[in-house]
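Participant: Pasting a structure below so you can have a look.
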There are 2 protein chains.
Amino acid sequence: MSLLAVGSVALDTIEIPSGRYEDILGGSCTFFSLAASHFAKVRIVAVVGTDFPEEHVDLLRSRGIDTAGLERAEGRTFRWSGRYSATLAERWTLDTQLGVFAGFQPKLPAAWKKPKILFLGNIEPSLQRAVLEEVDRPELVAMDTMNFWIEGQNASLKKTLARVDLLVINEEEIRQLSGEHNVVRAAASVRQMGPSKVVVKRGEYGAILFAEDHAFAVTAYPLSDVVDPTGAGDSFAGGMCGSLARAERLDAAAFRRAMVMGTVLGSFSVEGHGVERLRTLTTEEVEGRYHAYGRLTHVEGI
Amino acid sequence: MSLLAVGSVALDTIEIPSGRYEDILGGSCTFFSLAASHFAKVRIVAVVGTDFPEEHVDLLRSRGIDTAGLERAEGRTFRWSGRYSATLAERWTLDTQLGVFAGFQPKLPAAWKKPKILFLGNIEPSLQRAVLEEVDRPELVAMDTMNFWIEGQNASLKKTLARVDLLVINEEEIRQLSGEHNVVRAAASVRQMGPSKVVVKRGEYGAILFAEDHAFAVTAYPLSDVVDPTGAGDSFAGGMCGSLARAERLDAAAFRRAMVMGTVLGSFSVEGHGVERLRTLTTEEVEGRYHAYGRLTHVEGI
């Protein structure tokens, strides 16, 4: 059941159609762990500064997330600032301040070295490998990455890729990583780099899993009110890895259920600014939307 | 079982990554009827000029399509010319020559006035209504439209919309028609204009049906080789309406199967230039991909 995640815990300032929100709780590890917490005990490895409000740590703990690996270092918390277009279709990064994240060296509590599932969030590829070095080989190692590392740390990124089982990545990024526009070819190319499974996230359109001998596609859950896309991809990964962590066996059926749970958590995540919707989300609501997804896509006797 | 379609039969000149194809068979009614022919007897109402090769008519007839409503008028056949970007993500219309289509007045053979399903392809809204006037109320009236009519014939288009049951439209066009960016809201707004059902086509990402009391989403069938997107939307509509034409009852289950058949036919259509793939497509291949879609999306016990 154990799920270990490394990534960023941040303070975000975002400008979305509903307003401007300053220094609110954000970061890939935050969204990931809140989403995954509906399915499994999540342990997080991350760093924050002395300015990080204790109430945010309390929120994570209230969801059963183990924060023993959340280091508090001298300095300022990692900050990200972004602005979305009126339709939310475009996003511009306005500012990034690494703060204590610049010197981040992931430290794992001694009791955490045998996770069933390890999620390497979107951090520097060499740090992802450093975490891998510290653990006994988990049943599943999943990772995320971004254009910044694909461009600036390509060789290092490929070293990490060679050692993971599952890459969760968005459509534009896999095109960049593979040099292929077509996502089927892009995924085939990336699977040659190491991961036996690749999930391509397509935002409001859904996601596709390309595995050893099958593909599985999910459509996004249609919403009439999308408030803030920040963290949707991390929530997807959290829902997916959380669902896998509670599965008895990591077979194709488990990955399919996990992809739907990723879709469900991603859909809730965008319904409020920052983590607001995840803050109040109940596991009953999660299960309810999981079945609603079934009704949305069910075809009799196909 | 009867399915009546009105629309364009054309000669297309297209520039795609695999080459330039001049004066090849095209038109919305062509793709629609070839796709639908795997499920039902299709009757088409359209016009071509004296320059239209008889072999194209033979192709339609070889698929069992009734061309008694295909008028041959003095003059040149409707011609469309377009160029696609290297990734096929963008398309530019280079030229449109209406030819005999300019004076088109749909004429229905006397025996065709009681169709079960009527599909009003993408033609001038007043002509769509003219066809509606000529038939006894079918069980289902479906229609397509495009930005050209949304902009230039908005009031007339809304008169047609008020009289149909199903609008099949692409994502950008429903945004334009409704003034809503969010597709859930856009579909709700358009359903207020008349059609009880709206299908939003999202190209390589799939489609969503918004009906009276439920929504149904399909993901597109992933392909490693997309050759030519021309006619994909018409093939989708043809697969969908064809599947509905053979259904015993037009209930929710029939619409769901029909959406998948639309997806299947759209996916085959883009695998060759123009109608090349549809020309050789067998009903066995159609059924095979229908079940492959089931495997692509199946979630155990959801």
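Residue names in the structure tokens use chain letters A, B, ... in the order shown, residue numbers from 1 in each chain, and ligand numbers from 1 in the order shown.
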Which residues, written as a list in words, have at least one atom at most 7 Å from region 236-241 of chain A, with only C-alpha atoms counted and residues fewer than 6 positions away on the same chain left out?
Facilitator: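 Listing them by chain and then by number gives Phe32, Ser33, Ala35, Ala36, Ala258, Met259, Met261, Gly262, Thr263, Leu265 and Gly266 of chain A.
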Participant: Limited to C-alpha atoms, could you put the picked residues into a file as a compact mmCIF listing (two decimals), in the first residue's frame?
Facilitator:
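This went into result01.txt:
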```txt
# COMPACT_ATOMS: atom_id res chain seq x y z
CA PHE A 32 -0.21 14.69 -6.20
CA SER A 33 -0.41 13.72 -2.55
CA ALA A 35 -5.22 13.39 -4.88
CA ALA A 36 -3.54 10.11 -3.94
CA ALA A 258 -6.12 3.94 -12.14
CA MET A 259 -6.37 5.96 -15.35
CA MET A 261 -9.21 7.63 -11.02
CA GLY A 262 -6.55 9.98 -12.43
CA THR A 263 -9.21 11.50 -14.67
CA LEU A 265 -9.03 13.59 -9.49
CA GLY A 266 -7.87 15.84 -12.34
```
Participant: Could you list the residues in chain B lying within 9 Å of chain A, using only C-alpha atoms, and format the result as a PyMOL selection string?
Facilitator: chain B and resi 87+181-185+202+205-206+208+214-226+253-254+256-257+260+290-291+293-302
Participant: Set the distance at 9 Å and use only C-alpha atoms: which residues neighbour Arg83 (chain A) once local chain neighbours fewer than 2 positions away are removed? I'd like the list as an MDAnalysis selection string.
Facilitator: chainID A and resid 13:16 20 81 85 90:94
Participant: Now that the selection is made, can you save its residues with N, CA and C atoms as an mmCIF file, in the first residue's frame?
Facilitator:
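selection.cif, freshly written:
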```
data_model
loop_
_atom_site.group_PDB
_atom_site.id
_atom_site.type_symbol
_atom_site.label_atom_id
_atom_site.label_comp_id
_atom_site.auth_asym_id
_atom_site.auth_seq_id
_atom_site.Cartn_x
_atom_site.Cartn_y
_atom_site.Cartn_z
ATOM 1 N N THR A 13 1.306 32.077 -7.035
ATOM 2 C CA THR A 13 0.472 33.258 -7.259
ATOM 3 C C THR A 13 -0.112 33.119 -8.662
ATOM 4 N N ILE A 14 -1.425 33.036 -8.718
ATOM 5 C CA ILE A 14 -2.056 32.776 -10.014
ATOM 6 C C ILE A 14 -3.102 33.830 -10.360
ATOM 7 N N GLU A 15 -3.141 34.113 -11.662
ATOM 8 C CA GLU A 15 -4.168 35.018 -12.182
ATOM 9 C C GLU A 15 -5.060 34.211 -13.111
ATOM 10 N N ILE A 16 -6.303 34.037 -12.694
ATOM 11 C CA ILE A 16 -7.293 33.282 -13.463
ATOM 12 C C ILE A 16 -8.523 34.173 -13.610
ATOM 13 N N ARG A 20 -7.220 37.015 -8.674
ATOM 14 C CA ARG A 20 -5.788 36.835 -8.457
ATOM 15 C C ARG A 20 -5.601 36.261 -7.055
ATOM 16 N N SER A 81 4.615 31.767 -10.236
ATOM 17 C CA SER A 81 3.569 32.726 -10.525
ATOM 18 C C SER A 81 3.171 32.602 -11.991
ATOM 19 N N SER A 85 -5.125 32.729 -19.751
ATOM 20 C CA SER A 85 -5.987 33.505 -20.643
ATOM 21 C C SER A 85 -7.442 33.353 -20.195
ATOM 22 N N GLU A 90 -4.614 29.159 -22.558
ATOM 23 C CA GLU A 90 -3.189 29.505 -22.567
ATOM 24 C C GLU A 90 -2.711 29.862 -21.176
ATOM 25 N N ARG A 91 -1.421 29.612 -20.939
ATOM 26 C CA ARG A 91 -0.838 29.919 -19.640
ATOM 27 C C ARG A 91 0.543 30.523 -19.829
ATOM 28 N N TRP A 92 0.824 31.561 -19.084
ATOM 29 C CA TRP A 92 2.155 32.160 -19.119
ATOM 30 C C TRP A 92 2.747 32.132 -17.712
ATOM 31 N N THR A 93 3.997 31.672 -17.619
ATOM 32 C CA THR A 93 4.708 31.742 -16.349
ATOM 33 C C THR A 93 5.248 33.157 -16.192
ATOM 34 N N LEU A 94 4.886 33.814 -15.118
ATOM 35 C CA LEU A 94 5.319 35.189 -14.901
ATOM 36 C C LEU A 94 6.615 35.231 -14.100
#
```
Participant: Among region 55-298 of chain B, which residues carry a DSSP assignment of alpha helix (DSSP H), reported as a ChimeraX atom specification?
Facilitator: /B:55-62,125-134,147-152,154-161,171-178,183-191,232-246,252-269,276-280,283-297
Participant: Those same residues - C-alpha atoms - I'd like them written as a CSV table (one decimal), in the first residue's frame.
Facilitator:
```
chain,number,residue,atom,x,y,z
B,55,GLU,CA,-16.5,6.0,-62.3
B,56,HIS,CA,-17.2,8.0,-59.1
B,57,VAL,CA,-20.9,7.3,-59.4
B,58,ASP,CA,-20.1,3.7,-60.0
B,59,LEU,CA,-18.1,3.6,-56.7
B,60,LEU,CA,-21.1,5.0,-54.8
B,61,ARG,CA,-23.4,2.4,-56.5
B,62,SER,CA,-21.0,-0.4,-55.8
B,125,PRO,CA,-29.6,26.6,-44.2
B,126,SER,CA,-32.5,27.5,-46.5
B,127,LEU,CA,-31.8,24.5,-48.7
B,128,GLN,CA,-31.7,22.3,-45.6
B,129,ARG,CA,-35.2,23.5,-44.8
B,130,ALA,CA,-36.4,23.0,-48.4
B,131,VAL,CA,-35.5,19.3,-48.1
B,132,LEU,CA,-37.3,19.2,-44.7
B,133,GLU,CA,-40.4,20.6,-46.4
B,134,GLU,CA,-40.4,17.8,-48.9
B,147,ASN,CA,-18.6,28.7,-39.8
B,148,PHE,CA,-19.5,30.1,-43.2
B,149,TRP,CA,-23.3,29.8,-42.4
B,150,ILE,CA,-22.9,30.7,-38.8
B,151,GLU,CA,-21.4,34.0,-39.9
B,152,GLY,CA,-23.3,34.7,-43.1
B,154,ASN,CA,-27.1,33.1,-38.9
B,155,ALA,CA,-30.9,33.9,-38.8
B,156,SER,CA,-31.6,31.3,-41.5
B,157,LEU,CA,-29.4,28.7,-39.7
B,158,LYS,CA,-31.4,29.2,-36.5
B,159,LYS,CA,-34.6,28.6,-38.4
B,160,THR,CA,-33.3,25.2,-39.5
B,161,LEU,CA,-31.8,24.4,-36.1
B,171,GLU,CA,-15.8,22.3,-31.4
B,172,GLU,CA,-14.7,25.6,-32.9
B,173,GLU,CA,-18.0,26.0,-34.6
B,174,ILE,CA,-20.2,25.3,-31.6
B,175,ARG,CA,-18.2,27.9,-29.7
B,176,GLN,CA,-18.9,30.4,-32.5
B,177,LEU,CA,-22.6,29.5,-32.7
B,178,SER,CA,-23.2,29.7,-29.0
B,183,VAL,CA,-18.3,23.0,-24.6
B,184,VAL,CA,-20.7,21.8,-21.9
B,185,ARG,CA,-22.2,25.3,-21.8
B,186,ALA,CA,-22.0,25.7,-25.5
B,187,ALA,CA,-24.0,22.5,-26.1
B,188,ALA,CA,-26.6,23.5,-23.4
B,189,SER,CA,-27.0,26.8,-25.2
B,190,VAL,CA,-27.4,25.2,-28.7
B,191,ARG,CA,-29.9,22.7,-27.3
B,232,ALA,CA,-13.3,12.7,-41.2
B,233,GLY,CA,-16.2,14.7,-39.7
B,234,ASP,CA,-18.6,13.7,-42.6
B,235,SER,CA,-17.5,10.0,-42.2
B,236,PHE,CA,-18.2,10.3,-38.5
B,237,ALA,CA,-21.7,11.6,-39.2
B,238,GLY,CA,-22.2,8.9,-41.8
B,239,GLY,CA,-21.1,6.1,-39.4
B,240,MET,CA,-23.3,7.5,-36.7
B,241,CYS,CA,-26.4,8.0,-38.8
B,242,GLY,CA,-25.9,4.7,-40.6
B,243,SER,CA,-25.7,2.9,-37.3
B,244,LEU,CA,-28.8,4.7,-36.1
B,245,ALA,CA,-30.6,3.8,-39.3
B,246,ARG,CA,-30.2,0.1,-38.7
B,252,ALA,CA,-29.7,5.9,-25.6
B,253,ALA,CA,-27.9,2.6,-26.2
B,254,ALA,CA,-28.4,3.0,-30.0
B,255,PHE,CA,-26.9,6.5,-29.8
B,256,ARG,CA,-23.9,5.2,-27.9
B,257,ARG,CA,-23.2,2.5,-30.4
B,258,ALA,CA,-23.7,5.0,-33.2
B,259,MET,CA,-21.2,7.4,-31.6
B,260,VAL,CA,-18.6,4.6,-31.6
B,261,MET,CA,-19.4,3.6,-35.2
B,262,GLY,CA,-18.9,7.3,-36.1
B,263,THR,CA,-15.5,7.2,-34.4
B,264,VAL,CA,-14.6,4.0,-36.2
B,265,LEU,CA,-15.6,5.4,-39.7
B,266,GLY,CA,-13.8,8.7,-39.0
B,267,SER,CA,-10.7,6.8,-38.0
B,268,PHE,CA,-10.7,4.8,-41.2
B,269,SER,CA,-11.4,7.8,-43.3
B,276,GLU,CA,-9.2,5.9,-50.8
B,277,ARG,CA,-9.5,4.0,-47.5
B,278,LEU,CA,-13.3,4.1,-47.5
B,279,ARG,CA,-13.2,2.7,-51.1
B,280,THR,CA,-11.6,-0.6,-50.0
B,283,THR,CA,-17.8,-4.2,-43.1
B,284,GLU,CA,-15.7,-6.9,-41.4
B,285,GLU,CA,-12.9,-4.3,-40.8
B,286,VAL,CA,-15.6,-1.9,-39.4
B,287,GLU,CA,-16.9,-4.5,-37.0
B,288,GLY,CA,-13.3,-5.4,-36.0
B,289,ARG,CA,-12.4,-1.8,-35.1
B,290,TYR,CA,-15.7,-1.4,-33.2
B,291,HIS,CA,-14.6,-4.2,-30.9
B,292,ALA,CA,-11.1,-2.9,-30.8
B,293,TYR,CA,-12.6,0.4,-29.5
B,294,GLY,CA,-14.3,-1.6,-26.8
B,295,ARG,CA,-10.9,-3.1,-25.7
B,296,LEU,CA,-9.3,0.4,-25.9
B,297,THR,CA,-11.8,1.8,-23.4
```
Participant: Looking at A:Met193, A:Leu166, A:Met143, A:Val135, which one is nearest to Lys113 (chain A), with distances taken over only C-alpha atoms?
Facilitator: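 That would be A:Val135, the residue with the smallest distance to Lys113 (chain A).
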